[in-house]
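The next block is protein26.cif, given as mmCIF, C-alpha atoms and all ligand atoms.
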data_final
loop_
_atom_site.label_atom_id
_atom_site.label_comp_id
_atom_site.auth_asym_id
_atom_site.auth_seq_id
_atom_site.Cartn_x
_atom_site.Cartn_y
_atom_site.Cartn_z
CA MET A 14 144.02 113.35 216.95
CA SER A 15 145.08 116.94 217.58
CA VAL A 16 141.82 118.71 218.14
CA ASP A 17 140.50 121.16 220.66
CA ILE A 18 138.03 118.84 222.33
CA LYS A 19 136.51 121.49 224.59
CA ASN A 20 135.85 123.67 221.60
CA LEU A 21 134.24 120.80 219.70
CA VAL A 22 132.01 120.00 222.65
CA GLN A 23 131.01 123.64 222.98
CA LYS A 24 130.14 123.74 219.31
CA TYR A 25 128.43 120.36 218.87
CA ASP A 26 127.56 119.19 222.40
CA THR A 27 127.80 115.55 223.56
CA PRO A 28 127.57 112.63 223.08
CA LEU A 29 129.56 113.08 219.90
CA TYR A 30 131.55 110.98 217.46
CA VAL A 31 134.62 112.69 216.02
CA TYR A 32 136.60 111.20 213.13
CA ASP A 33 140.10 112.12 212.03
CA PHE A 34 139.91 112.07 208.23
CA ASP A 35 143.65 112.67 207.87
CA ASN A 36 144.30 109.47 209.78
CA ILE A 37 141.79 107.54 207.68
CA ALA A 38 143.67 108.72 204.59
CA ARG A 39 146.99 107.62 206.07
CA ARG A 40 145.62 104.16 206.85
CA TYR A 41 144.32 103.78 203.31
CA GLU A 42 147.63 104.85 201.83
CA GLU A 43 149.60 102.58 204.14
CA LEU A 44 147.62 99.56 203.01
CA LYS A 45 147.78 100.47 199.33
CA HIS A 46 151.48 101.08 199.69
CA ALA A 47 152.04 97.62 201.21
CA PHE A 48 150.57 96.10 198.04
CA GLU A 49 152.45 98.39 195.68
CA GLY A 50 153.25 96.74 192.37
CA LYS A 51 150.42 94.23 192.80
CA LYS A 52 146.94 94.48 191.39
CA SER A 53 144.85 95.37 194.43
CA LEU A 54 141.55 96.88 195.43
CA VAL A 55 140.74 98.14 198.89
CA ALA A 56 137.00 97.66 199.22
CA TYR A 57 136.21 99.48 202.45
CA ALA A 58 133.78 97.56 204.70
CA VAL A 59 130.97 100.07 204.85
CA LYS A 60 129.39 98.40 207.88
CA SER A 61 132.18 99.62 210.12
CA ASN A 62 131.32 103.27 209.60
CA SER A 63 128.81 104.06 206.92
CA ASN A 64 128.59 107.82 207.15
CA LEU A 65 128.45 109.16 203.58
CA ALA A 66 131.28 111.59 204.25
CA VAL A 67 133.55 108.77 205.41
CA ILE A 68 132.77 106.69 202.34
CA ARG A 69 133.21 109.72 200.07
CA HIS A 70 136.57 110.46 201.67
CA LEU A 71 137.77 106.93 200.91
CA ALA A 72 136.17 106.88 197.46
CA ASN A 73 138.10 110.05 196.60
CA MET A 74 141.28 108.13 197.25
CA GLY A 75 140.20 105.29 194.99
CA ALA A 76 138.65 102.89 197.48
CA GLY A 77 135.88 100.51 196.62
CA ALA A 78 133.17 99.29 198.96
CA ASP A 79 132.27 95.99 200.56
CA CYS A 80 128.55 96.08 201.27
CA VAL A 81 126.20 93.75 203.12
CA SER A 82 122.84 95.18 202.16
CA ILE A 83 121.45 97.05 199.21
CA GLY A 84 121.27 100.01 201.55
CA GLU A 85 125.03 99.91 201.89
CA VAL A 86 125.40 99.54 198.12
CA LYS A 87 123.26 102.64 197.70
CA ARG A 88 125.32 104.50 200.26
CA ALA A 89 128.49 103.59 198.39
CA LEU A 90 127.04 104.73 195.06
CA ARG A 91 125.67 107.91 196.61
CA ALA A 92 129.05 108.66 198.16
CA GLY A 93 130.73 108.32 194.78
CA VAL A 94 132.28 104.87 194.88
CA LYS A 95 132.67 103.59 191.32
CA LYS A 96 130.22 100.79 190.61
CA TYR A 97 133.04 98.63 189.31
CA ARG A 98 134.58 98.75 192.79
CA ILE A 99 131.50 97.65 194.73
CA ILE A 100 130.98 94.17 196.15
CA PHE A 101 127.72 92.93 197.62
CA SER A 102 128.12 90.19 200.26
CA GLY A 103 125.89 88.71 202.94
CA VAL A 104 124.25 85.39 203.78
CA GLY A 105 120.67 86.49 203.26
CA LYS A 106 120.01 88.73 200.29
CA LYS A 107 116.42 89.34 199.31
CA ASP A 108 115.22 89.20 195.69
CA GLU A 109 114.77 92.97 195.52
CA GLU A 110 118.30 93.47 196.75
CA ILE A 111 119.76 91.06 194.22
CA ARG A 112 117.73 92.61 191.42
CA GLU A 113 118.88 96.09 192.29
CA ALA A 114 122.51 95.02 192.56
CA LEU A 115 122.26 93.42 189.12
CA GLN A 116 120.67 96.53 187.66
CA GLU A 117 123.35 98.74 189.20
CA ASP A 118 125.92 96.52 187.49
CA ILE A 119 128.30 96.46 190.46
CA LEU A 120 131.58 94.54 190.33
CA LEU A 121 130.54 91.37 192.15
CA ILE A 122 127.72 89.68 193.98
CA ASN A 123 129.25 87.40 196.54
CA LEU A 124 127.37 84.13 197.00
CA GLU A 125 127.12 82.32 200.30
CA SER A 126 125.07 79.21 199.40
CA GLU A 127 123.99 77.01 196.48
CA ALA A 128 120.40 78.11 197.05
CA GLU A 129 121.39 81.73 196.72
CA MET A 130 123.29 80.98 193.53
CA LYS A 131 120.15 79.53 191.93
CA ARG A 132 118.17 82.58 193.02
CA VAL A 133 120.74 84.99 191.54
CA GLU A 134 120.79 82.96 188.33
CA MET A 135 117.00 83.09 188.06
CA LEU A 136 116.86 86.83 188.70
CA ALA A 137 119.68 87.51 186.24
CA LYS A 138 117.80 85.48 183.66
CA GLU A 139 114.63 87.49 184.28
CA LEU A 140 116.58 90.70 183.78
CA GLY A 141 118.42 89.33 180.78
CA VAL A 142 121.86 89.96 182.29
CA GLU A 143 124.88 87.99 183.34
CA ALA A 144 125.69 88.18 187.04
CA ARG A 145 129.36 88.55 187.92
CA ILE A 146 129.77 86.45 191.03
CA SER A 147 132.26 85.36 193.61
CA ILE A 148 131.75 82.55 196.08
CA ARG A 149 132.49 82.85 199.75
CA VAL A 150 134.50 79.90 200.88
CA ASN A 151 134.63 78.87 204.48
CA PRO A 152 138.19 77.54 204.86
CA ASN A 153 137.53 76.16 208.35
CA VAL A 154 140.40 78.02 209.95
CA ASP A 155 140.38 79.21 213.54
CA PRO A 156 141.07 82.95 213.43
CA LYS A 157 141.86 83.13 217.17
CA THR A 158 139.62 86.07 217.89
CA HIS A 159 136.44 86.71 219.88
CA PRO A 160 133.87 83.99 219.05
CA TYR A 161 131.23 86.59 218.08
CA ILE A 162 133.45 87.99 215.35
CA SER A 163 134.95 84.71 214.18
CA THR A 164 133.51 83.69 210.84
CA GLY A 165 135.80 81.22 209.11
CA LEU A 166 134.92 77.99 210.90
CA HIS A 167 132.34 75.48 209.69
CA GLU A 168 130.38 76.13 212.88
CA ASN A 169 129.83 79.72 211.68
CA LYS A 170 127.01 80.53 209.27
CA PHE A 171 129.22 82.08 206.61
CA GLY A 172 130.26 80.75 203.23
CA VAL A 173 130.37 77.22 201.85
CA SER A 174 132.87 74.39 202.17
CA ILE A 175 135.62 73.92 199.60
CA ASP A 176 133.77 70.98 198.04
CA ALA A 177 130.50 72.84 197.78
CA ALA A 178 132.32 75.84 196.31
CA LYS A 179 133.86 73.69 193.63
CA ARG A 180 130.47 72.29 192.66
CA MET A 181 129.06 75.80 192.55
CA TYR A 182 131.86 77.09 190.31
CA ILE A 183 131.32 74.22 187.89
CA TYR A 184 127.60 74.93 187.79
CA ALA A 185 128.12 78.69 187.41
CA LYS A 186 130.63 78.25 184.62
CA LYS A 187 127.99 76.39 182.60
CA SER A 188 125.24 78.88 183.32
CA GLU A 189 124.41 81.53 180.74
CA HIS A 190 123.54 84.00 183.48
CA LEU A 191 126.40 83.55 185.92
CA ASN A 192 129.98 84.61 185.43
CA PRO A 193 132.18 83.25 188.22
CA ILE A 194 135.16 85.58 188.36
CA GLY A 195 135.81 85.96 192.06
CA ILE A 196 136.56 84.01 195.19
CA HIS A 197 136.09 85.30 198.68
CA PHE A 198 136.77 84.44 202.29
CA HIS A 199 136.73 86.32 205.57
CA ILE A 200 137.76 84.39 208.64
CA GLY A 201 137.03 86.92 211.34
CA SER A 202 137.53 90.39 212.66
CA GLN A 203 140.10 92.01 214.95
CA LEU A 204 142.74 89.50 213.86
CA THR A 205 146.10 89.99 215.49
CA GLU A 206 147.77 86.84 214.24
CA LEU A 207 148.95 86.39 210.71
CA SER A 208 149.12 82.60 210.62
CA PRO A 209 145.34 81.94 210.29
CA ILE A 210 145.18 84.43 207.39
CA GLU A 211 148.17 82.78 205.75
CA GLU A 212 146.61 79.36 206.20
CA ALA A 213 143.25 80.46 204.79
CA CYS A 214 144.94 82.17 201.82
CA GLY A 215 146.84 78.98 201.08
CA ILE A 216 143.72 76.82 201.17
CA VAL A 217 141.75 79.20 198.95
CA ALA A 218 144.66 79.72 196.53
CA ASP A 219 144.86 75.94 196.08
CA LEU A 220 141.19 75.92 195.22
CA VAL A 221 141.79 78.66 192.63
CA ARG A 222 144.56 76.56 191.11
CA SER A 223 142.34 73.53 190.88
CA LEU A 224 139.63 75.65 189.25
CA GLN A 225 142.17 76.97 186.79
CA ALA A 226 142.91 73.42 185.79
CA ILE A 227 139.29 73.04 184.68
CA ASN A 228 139.26 76.38 182.86
CA ILE A 229 137.52 78.41 185.50
CA ASP A 230 139.44 81.63 185.61
CA ILE A 231 139.27 83.53 188.89
CA LYS A 232 140.27 87.18 188.55
CA PHE A 233 139.45 88.57 192.00
CA PHE A 234 140.96 87.02 195.11
CA ASP A 235 139.07 88.60 197.98
CA ILE A 236 140.71 88.06 201.34
CA GLY A 237 137.99 89.82 203.35
CA GLY A 238 138.70 92.21 206.18
CA GLY A 239 139.79 91.48 209.68
CA LEU A 240 143.01 93.37 210.31
CA GLY A 241 143.10 94.06 214.03
CA VAL A 242 143.81 97.40 215.66
CA VAL A 243 145.09 98.59 219.02
CA TYR A 244 142.40 99.11 221.63
CA ASP A 245 144.63 98.38 224.59
CA ASP A 246 148.04 96.79 224.23
CA GLU A 247 147.47 94.43 221.29
CA VAL A 248 150.36 93.75 218.95
CA THR A 249 148.87 94.09 215.51
CA ILE A 250 149.81 92.66 212.13
CA ARG A 251 152.14 94.88 210.11
CA THR A 252 150.75 95.70 206.69
CA GLU A 253 154.01 94.69 204.96
CA ALA A 254 153.90 91.27 206.62
CA TYR A 255 150.24 90.97 205.67
CA ALA A 256 150.94 91.84 202.05
CA HIS A 257 153.94 89.53 201.95
CA ALA A 258 152.02 86.54 203.34
CA ILE A 259 149.22 87.02 200.87
CA THR A 260 151.37 87.50 197.82
CA GLN A 261 153.39 84.43 198.77
CA ALA A 262 150.22 82.35 199.10
CA ILE A 263 148.90 83.35 195.69
CA LYS A 264 152.21 83.08 193.88
CA GLY A 265 151.75 82.31 190.21
CA LEU A 266 148.12 83.40 190.14
CA ASP A 267 147.15 86.34 187.98
CA VAL A 268 144.53 87.87 190.24
CA THR A 269 143.54 91.22 191.70
CA ILE A 270 143.83 91.08 195.48
CA VAL A 271 140.70 92.51 197.05
CA MET A 272 140.72 93.54 200.69
CA GLU A 273 137.72 94.51 202.79
CA PRO A 274 139.13 96.37 205.77
CA GLY A 275 136.71 98.17 208.03
CA ARG A 276 138.09 98.42 211.54
CA TYR A 277 141.68 98.90 210.31
CA MET A 278 140.58 101.92 208.34
CA VAL A 279 138.47 103.75 210.88
CA ALA A 280 138.61 102.35 214.44
CA ASN A 281 141.60 104.33 215.69
CA SER A 282 140.52 107.34 213.66
CA GLY A 283 137.46 107.92 215.80
CA ILE A 284 136.72 109.02 219.33
CA PHE A 285 133.47 109.20 221.23
CA LEU A 286 133.02 112.21 223.50
CA THR A 287 130.71 112.12 226.46
CA LYS A 288 130.06 114.45 229.39
CA VAL A 289 129.95 113.55 233.04
CA LEU A 290 126.52 113.94 234.60
CA TYR A 291 127.11 112.66 238.11
CA GLU A 292 129.44 110.66 240.28
CA LYS A 293 128.13 108.22 242.84
CA LYS A 294 129.18 105.39 245.11
CA ASN A 295 127.26 102.25 245.87
CA GLY A 296 129.13 100.94 248.85
CA ALA A 297 132.75 100.86 247.81
CA LYS A 298 131.93 100.89 244.10
CA ARG A 299 132.50 104.13 242.21
CA PHE A 300 130.28 105.01 239.27
CA VAL A 301 130.76 107.83 236.82
CA ILE A 302 127.45 108.46 235.09
CA VAL A 303 127.83 110.00 231.67
CA ASP A 304 125.49 111.19 228.91
CA GLY A 305 126.71 108.54 226.42
CA ALA A 306 125.35 105.02 226.67
CA MET A 307 125.22 101.51 225.24
CA ASN A 308 122.77 102.65 222.56
CA ASP A 309 125.50 105.00 221.25
CA LEU A 310 128.44 102.62 221.60
CA ILE A 311 127.43 99.02 222.24
CA ARG A 312 130.80 97.27 221.89
CA PRO A 313 131.62 97.24 225.63
CA SER A 314 128.16 95.84 226.54
CA LEU A 315 127.93 93.41 223.65
CA TYR A 316 131.44 91.98 223.44
CA ASN A 317 132.90 93.15 226.70
CA ALA A 318 135.20 95.12 224.42
CA TYR A 319 137.76 97.42 225.97
CA HIS A 320 137.93 101.06 224.94
CA LYS A 321 140.45 103.30 226.62
CA ILE A 322 138.71 106.16 228.46
CA GLU A 323 140.40 109.38 229.54
CA ALA A 324 139.29 112.58 231.19
CA VAL A 325 140.01 115.79 229.30
CA GLN A 326 142.21 118.32 231.10
CA LYS A 327 141.64 116.74 234.47
CA THR A 328 144.45 115.56 236.66
CA GLY A 329 144.83 114.34 240.21
CA GLU A 330 144.82 111.01 241.93
CA THR A 331 142.90 108.36 240.06
CA THR A 332 140.67 105.62 241.43
CA PRO A 333 138.85 102.90 239.49
CA ALA A 334 135.33 103.66 238.32
CA ASP A 335 132.71 102.10 236.11
CA VAL A 336 131.70 104.53 233.40
CA VAL A 337 127.99 103.99 232.88
CA GLY A 338 125.23 105.58 230.84
CA PRO A 339 121.62 106.55 231.51
CA VAL A 340 120.09 103.48 229.82
CA CYS A 341 117.98 101.20 232.02
CA GLU A 342 120.17 98.12 231.79
CA SER A 343 122.85 96.86 234.14
CA GLY A 344 124.82 96.05 231.00
CA ASP A 345 124.93 99.72 230.06
CA PHE A 346 128.56 100.63 230.52
CA LEU A 347 131.32 102.13 228.42
CA GLY A 348 134.10 100.92 230.65
CA LYS A 349 134.71 99.05 233.88
CA ASP A 350 137.35 99.77 236.48
CA ILE A 351 138.72 102.71 234.57
CA ALA A 352 141.28 104.78 236.44
CA LEU A 353 139.84 108.27 236.58
CA PRO A 354 140.48 111.39 238.65
CA ALA A 355 137.67 112.99 240.65
CA LEU A 356 135.16 114.34 238.16
CA GLU A 357 132.52 117.00 238.12
CA HIS A 358 129.36 117.73 236.18
CA ASN A 359 130.19 118.57 232.55
CA ASP A 360 133.74 117.21 232.61
CA ILE A 361 134.47 115.54 229.29
CA LEU A 362 135.55 111.93 228.81
CA VAL A 363 137.14 110.64 225.62
CA VAL A 364 136.36 107.08 224.63
CA HIS A 365 139.12 106.04 222.25
CA SER A 366 139.18 103.81 219.16
CA ALA A 367 135.48 104.30 218.57
CA GLY A 368 135.49 104.97 214.82
CA ALA A 369 134.51 101.44 213.79
CA TYR A 370 131.26 99.70 214.75
CA GLY A 371 130.39 102.65 216.96
CA PHE A 372 127.80 104.83 215.34
CA THR A 373 126.77 102.11 212.88
CA MET A 374 125.70 99.83 215.71
CA SER A 375 123.89 102.55 217.60
CA SER A 376 120.15 102.48 218.22
CA ASN A 377 117.33 104.57 219.56
CA TYR A 378 116.87 102.37 222.63
CA ASN A 379 115.25 104.27 225.48
CA THR A 380 114.15 106.86 222.88
CA ARG A 381 117.59 108.34 222.81
CA GLY A 382 118.37 110.24 219.63
CA LYS A 383 121.34 109.09 217.62
CA VAL A 384 124.30 111.35 218.25
CA ALA A 385 126.01 113.81 215.94
CA GLU A 386 129.13 112.98 213.94
CA VAL A 387 131.94 115.37 213.11
CA ALA A 388 134.88 115.03 210.73
CA ILE A 389 138.23 116.69 211.29
CA SER A 390 140.35 117.30 208.24
CA ASN A 391 143.31 119.61 207.86
CA GLY A 392 142.47 121.28 211.14
CA ASN A 393 138.87 122.05 210.14
CA ASP A 394 135.78 120.47 211.60
CA TYR A 395 132.70 119.50 209.63
CA LEU A 396 129.35 118.31 210.91
CA ILE A 397 128.71 115.12 208.91
CA ARG A 398 125.57 113.99 210.69
CA GLN A 399 123.18 116.07 212.69
CA ARG A 400 122.06 115.01 216.11
CA GLU A 401 118.65 113.35 215.94
CA ASN A 402 115.83 115.12 217.72
CA PHE A 403 112.61 113.69 219.10
CA ASP A 404 110.65 114.37 215.91
CA ASP A 405 113.26 112.52 213.84
CA GLN A 406 112.68 109.50 216.02
CA ILE A 407 108.89 109.35 215.81
CA ARG A 408 108.59 110.47 212.19
CA LEU A 409 107.61 107.03 210.86
CA GLU A 410 105.28 106.06 213.67
CA GLU A 411 101.54 106.36 213.67
CA VAL A 412 99.05 105.95 216.47
CA CYS A 413 96.00 104.01 215.43
CA ASP A 414 92.55 104.18 216.85
CA THR A 415 91.77 100.59 217.83
CA GLY A 416 88.53 101.40 219.60
CA TRP A 417 89.82 99.94 222.85
CA GLN A 418 88.94 102.08 225.83
CA SER A 419 88.38 101.60 229.49
N1 LIG B 501 134.28 91.54 205.12
C1 LIG B 501 133.33 90.74 205.65
C2 LIG B 501 132.74 89.71 204.82
C3 LIG B 501 132.93 90.92 206.99
O1 LIG B 501 132.01 90.11 207.51
C4 LIG B 501 133.51 91.94 207.77
C5 LIG B 501 133.10 92.16 209.15
C6 LIG B 501 134.49 92.76 207.15
C7 LIG B 501 134.85 92.52 205.84
C8 LIG B 501 135.17 93.85 207.89
O2 LIG B 501 135.91 93.37 208.95
P1 LIG B 501 136.95 94.29 209.73
O3 LIG B 501 138.03 94.68 208.78
O4 LIG B 501 136.21 95.49 210.21
O5 LIG B 501 137.44 93.45 210.83
N2 LIG B 501 130.66 94.49 215.24
C9 LIG B 501 131.90 93.80 215.50
C10 LIG B 501 132.61 93.44 214.23
C11 LIG B 501 131.78 92.62 213.28
C12 LIG B 501 132.50 92.35 212.00
C13 LIG B 501 131.60 91.74 211.00
N3 LIG B 501 132.20 91.50 209.72
C14 LIG B 501 132.74 94.62 216.43
O6 LIG B 501 132.33 95.70 216.84
O7 LIG B 501 133.84 94.20 216.81
#
Whole structure, structure tokens version:
Amino acid sequence: MSVDIKNLVQKYDTPLYVYDFDNIARRYEELKHAFEGKKSLVAYAVKSNSNLAVIRHLANMGAGADCVSIGEVKRALRAGVKKYRIIFSGVGKKDEEIREALQEDILLINLESEAEMKRVEMLAKELGVEARISIRVNPNVDPKTHPYISTGLHENKFGVSIDAAKRMYIYAKKSEHLNPIGIHFHIGSQLTELSPIEEACGIVADLVRSLQAINIDIKFFDIGGGLGVVYDDEVTIRTEAYAHAITQAIKGLDVTIVMEPGRYMVANSGIFLTKVLYEKKNGAKRFVIVDGAMNDLIRPSLYNAYHKIEAVQKTGETTPADVVGPVCESGDFLGKDIALPALEHNDILVVHSAGAYGFTMSSNYNTRGKVAEVAISNGNDYLIRQRENFDDQIRLEEVCDTGWQS
């Protein structure tokens, strides 16, 4: 990202998320290009970065949205995603959410259990509509990624087995209020190997063929998200190879390929900027204490995820340091054993690859306001979310007089 970081920090302060919109556009185009000549829909996984400006940017290029709550569906609609490109997934949808999704007439509601199917059918009946549905299949494939972000094994809570899916399709086909037109799977996130995707595609494509044989016509083949990115030295899947493997697996099927990339689209397009507060040593251990913390970027604490960290315009001999935040938890770190030069108060650190699951997973823990977000496009910077202040944080709280006194 070619930006004047010092200038941005002067203008917006830290901690700060900065997103390169030009890079997001390039990623979108690269993926679309790989599927050129095929019917495809890139339904951006809103959970990875749900800022309205990010969604709008992708919607302007023709992207759809993969949503996991009605809140995300509303974000997508508000940002201008066409309703016929919106998918609503998730293992636990509430009645109100299902109702609203049906009323908004989005492309697909993705079902994750037989019980949920019955609920959607009942609500569609109440509303007098037909629900377009897809079913999330759990192909029981090991995606070879971090166990917390692996989703395609039977031991994970997601989707239904092939047999259950088949039963559900047969039921849905007969229902007046269900229209089964899609099939879905998502085996995990940060995938760097193609073979599990290939295997899952093959299994699910076979199911589609067997459904075809009983006159159940699947039009949307949703392969989920999961494309890995480079945080450190990972070798990632090339989009051409990805497209090739998928098109091979579904050979002969007349379907629209739906993809739900989140991380691929935004992770490497974002950085997190934080300022050094203090340096200290506990025995031989060096700590760099910064103003950003686990509540702003939880991936290192939660998954032990690696994010490259660099000092801005600071050179000199480096020694390893733990980069830690002000939050009262030993697990509050952005990086461990990071080679850094000697640092002073107000020096800026860049935490790389922070565009996905950064801000969206942030919290107000320790009554820390959520940070500001800035977009860079064509050399211009735009504030796309203001920094939260104290009043923003307590706005919904009320003190009540319980009568207890000492
Ligand atoms: N579709 C479904 C059904 C998903 O569950 C997910 C992610 C995606 C698409 C997008 O996956 P992606 O393309 O971003 O890999 N918080 C974790 C990642 C959790 C992913 C959850 N599901 C992290 O920070 O690594």
Please tabulate, as a tab-separated table, the residues of chain A that come within 6 Å of ligand LIG 501 (chain B), each with its closest pair of atoms and the distance in Å to one decimal, counting only C-alpha atoms and all ligand atoms and ordering rows by chain, then residue number upward.
residue	atom	partner	partner_atom	distance
A:Ala58	CA	B:LIG501	C8	5.1
A:Ser61	CA	B:LIG501	O4	5.8
A:Ile162	CA	B:LIG501	C11	5.3
A:His199	CA	B:LIG501	C2	5.3
A:Ser202	CA	B:LIG501	O5	3.6
A:Gln203	CA	B:LIG501	O5	5.1
A:Gly237	CA	B:LIG501	N1	4.5
A:Gly238	CA	B:LIG501	O3	3.6
A:Gly239	CA	B:LIG501	O5	3.3
A:Leu240	CA	B:LIG501	O3	5.4
A:Glu273	CA	B:LIG501	C7	4.6
A:Pro274	CA	B:LIG501	O3	3.6
A:Gly275	CA	B:LIG501	O4	3.5
A:Arg276	CA	B:LIG501	O4	3.7
A:Tyr277	CA	B:LIG501	O3	5.8
A:Arg312	CA	B:LIG501	O6	5.5
A:Tyr370	CA	B:LIG501	O6	4.6
Take the residues that were just selected and, keeping C-alpha atoms, output them as a JSON list (two decimals), in the coordinates of the input.
[["chain", "number", "residue", "atom", "x", "y", "z"],
["A", 58, "ALA", "CA", 133.78, 97.56, 204.70],
["A", 61, "SER", "CA", 132.18, 99.62, 210.12],
["A", 162, "ILE", "CA", 133.45, 87.99, 215.35],
["A", 199, "HIS", "CA", 136.73, 86.32, 205.57],
["A", 202, "SER", "CA", 137.53, 90.39, 212.66],
["A", 203, "GLN", "CA", 140.10, 92.01, 214.95],
["A", 237, "GLY", "CA", 137.99, 89.82, 203.35],
["A", 238, "GLY", "CA", 138.70, 92.21, 206.18],
["A", 239, "GLY", "CA", 139.79, 91.48, 209.68],
["A", 240, "LEU", "CA", 143.01, 93.37, 210.31],
["A", 273, "GLU", "CA", 137.72, 94.51, 202.79],
["A", 274, "PRO", "CA", 139.13, 96.37, 205.77],
["A", 275, "GLY", "CA", 136.71, 98.17, 208.03],
["A", 276, "ARG", "CA", 138.09, 98.42, 211.54],
["A", 277, "TYR", "CA", 141.68, 98.90, 210.31],
["A", 312, "ARG", "CA", 130.80, 97.27, 221.89],
["A", 370, "TYR", "CA", 131.26, 99.70, 214.75]]
(request) Have a look at A:Val86, A:Ala47, A:Met374, A:Ile284 and name the one nearest to Asn308 in chain A; count all atoms listed in the file. (result) A:Met374
Once 3 Å is added on each side, what centre and edge lengths in Å to one decimal does the axis-aligned box around all listed atoms of range 26-30 of chain A have, as JSON?
{"center_x": 129.6, "center_y": 115.1, "center_z": 220.5, "size_x": 10.0, "size_y": 14.2, "size_z": 12.1}
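Here CA of Gly84 in chain A stands at a distance of 12.3 Å from CA of Gly103 in chain A.
Of the residues listed (A:Ala185, A:Ile227, A:Ala254, A:Cys80), A:Ala185 shows the shortest atom-to-atom separation from Glu129 in chain A; distances use all atoms listed in the file.
Atom pair CA of Asp33 in chain A / CA of Asp17 in chain A: separated by 12.5 Å.
Residue nearest Gln261 in chain A, chosen from A:Ile210, A:Gly283, A:Lys106, A:Gln418 and counting all atoms listed in the file: A:Ile210.
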(request) Write out as an MDAnalysis selection string each polymer residue whose atoms come within 7 Å of range 90-94 of chain A, counting all atoms listed in the file; drop sequence neighbours fewer than 5 positions from it. (result) chainID A and resid 65 68:69 72 77:78
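Shortest separation to Asp304 in chain A among A:Gly371, A:Gly392, A:Gly382, A:Gly241 occurs at residue A:Gly382, atoms counted being all atoms listed in the file.
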(request) List the neighbours of Asp219 in chain A out to 9 Å using only C-alpha atoms; skip same-chain residues closer than 5 positions along the sequence, and give me the result as a VMD selection string. (result) chain A and resid 214 224 262 to 263
Export C-alpha atoms of the chosen residues as an mmCIF file, in the frame of the given file?
data_model
loop_
_atom_site.group_PDB
_atom_site.id
_atom_site.type_symbol
_atom_site.label_atom_id
_atom_site.label_comp_id
_atom_site.auth_asym_id
_atom_site.auth_seq_id
_atom_site.Cartn_x
_atom_site.Cartn_y
_atom_site.Cartn_z
ATOM 1 C CA CYS A 214 144.940 82.170 201.820
ATOM 2 C CA LEU A 224 139.630 75.650 189.250
ATOM 3 C CA ALA A 262 150.220 82.350 199.100
ATOM 4 C CA ILE A 263 148.900 83.350 195.690
#
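With only C-alpha atoms taken into account, the protein and nucleic acid residues at most 9 Å from Tyr41 in chain A (excluding it and anything under 6 positions from it in its own chain) are Val55, Leu71, Met74, Ala76, Tyr277 and Met278 of chain A.
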(request) Name the residues in contact with range 345-349 of chain A at a cut-off of 7 Å, using only C-alpha atoms, excluding same-chain residues fewer than 6 positions from it; report them as a ChimeraX atom specification. (result) /A:306-307,313-314,319-320,334-338
With C-alpha atoms retained, export the selected residues as a CSV table (one decimal), in the frame of the given file.
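File written: part-v1.csv
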chain,number,residue,atom,x,y,z
A,306,ALA,CA,125.4,105.0,226.7
A,307,MET,CA,125.2,101.5,225.2
A,313,PRO,CA,131.6,97.2,225.6
A,314,SER,CA,128.2,95.8,226.5
A,319,TYR,CA,137.8,97.4,226.0
A,320,HIS,CA,137.9,101.1,224.9
A,334,ALA,CA,135.3,103.7,238.3
A,335,ASP,CA,132.7,102.1,236.1
A,336,VAL,CA,131.7,104.5,233.4
A,337,VAL,CA,128.0,104.0,232.9
A,338,GLY,CA,125.2,105.6,230.8
Which residues are near Glu212 in chain A? Cut-off 10 Å, all atoms listed in the file, ignore same chain within fewer than 6 positions. Put them as a compact mmCIF listing (two decimals) with C-alpha atoms, keeping the file's coordinate frame.
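In the end it all went to part_0.txt:
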# COMPACT_ATOMS: atom_id res chain seq x y z
CA PRO A 152 138.19 77.54 204.86
CA ASN A 153 137.53 76.16 208.35
CA VAL A 154 140.40 78.02 209.95
CA ASP A 155 140.38 79.21 213.54
CA PRO A 156 141.07 82.95 213.43
CA ALA A 218 144.66 79.72 196.53
CA ALA A 258 152.02 86.54 203.34
CA ILE A 259 149.22 87.02 200.87
CA ALA A 262 150.22 82.35 199.10
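Comparing A:Val67, A:Ala369, A:Val268, A:Ile119 by their smallest distance to Val387 in chain A, the closest is A:Val67 (using all atoms listed in the file).
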(request) Take the point (123.6, 96.7, 189.6) as written in the file and pick out every residue within 10 Å of it, counting all atoms listed in the file; give the list as a ChimeraX atom specification. (result) /A:83,86,96-97,99,101,110-122,144
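Of note, CA of Lys383 in chain A and CA of Pro339 in chain A are spaced 14.1 Å apart.
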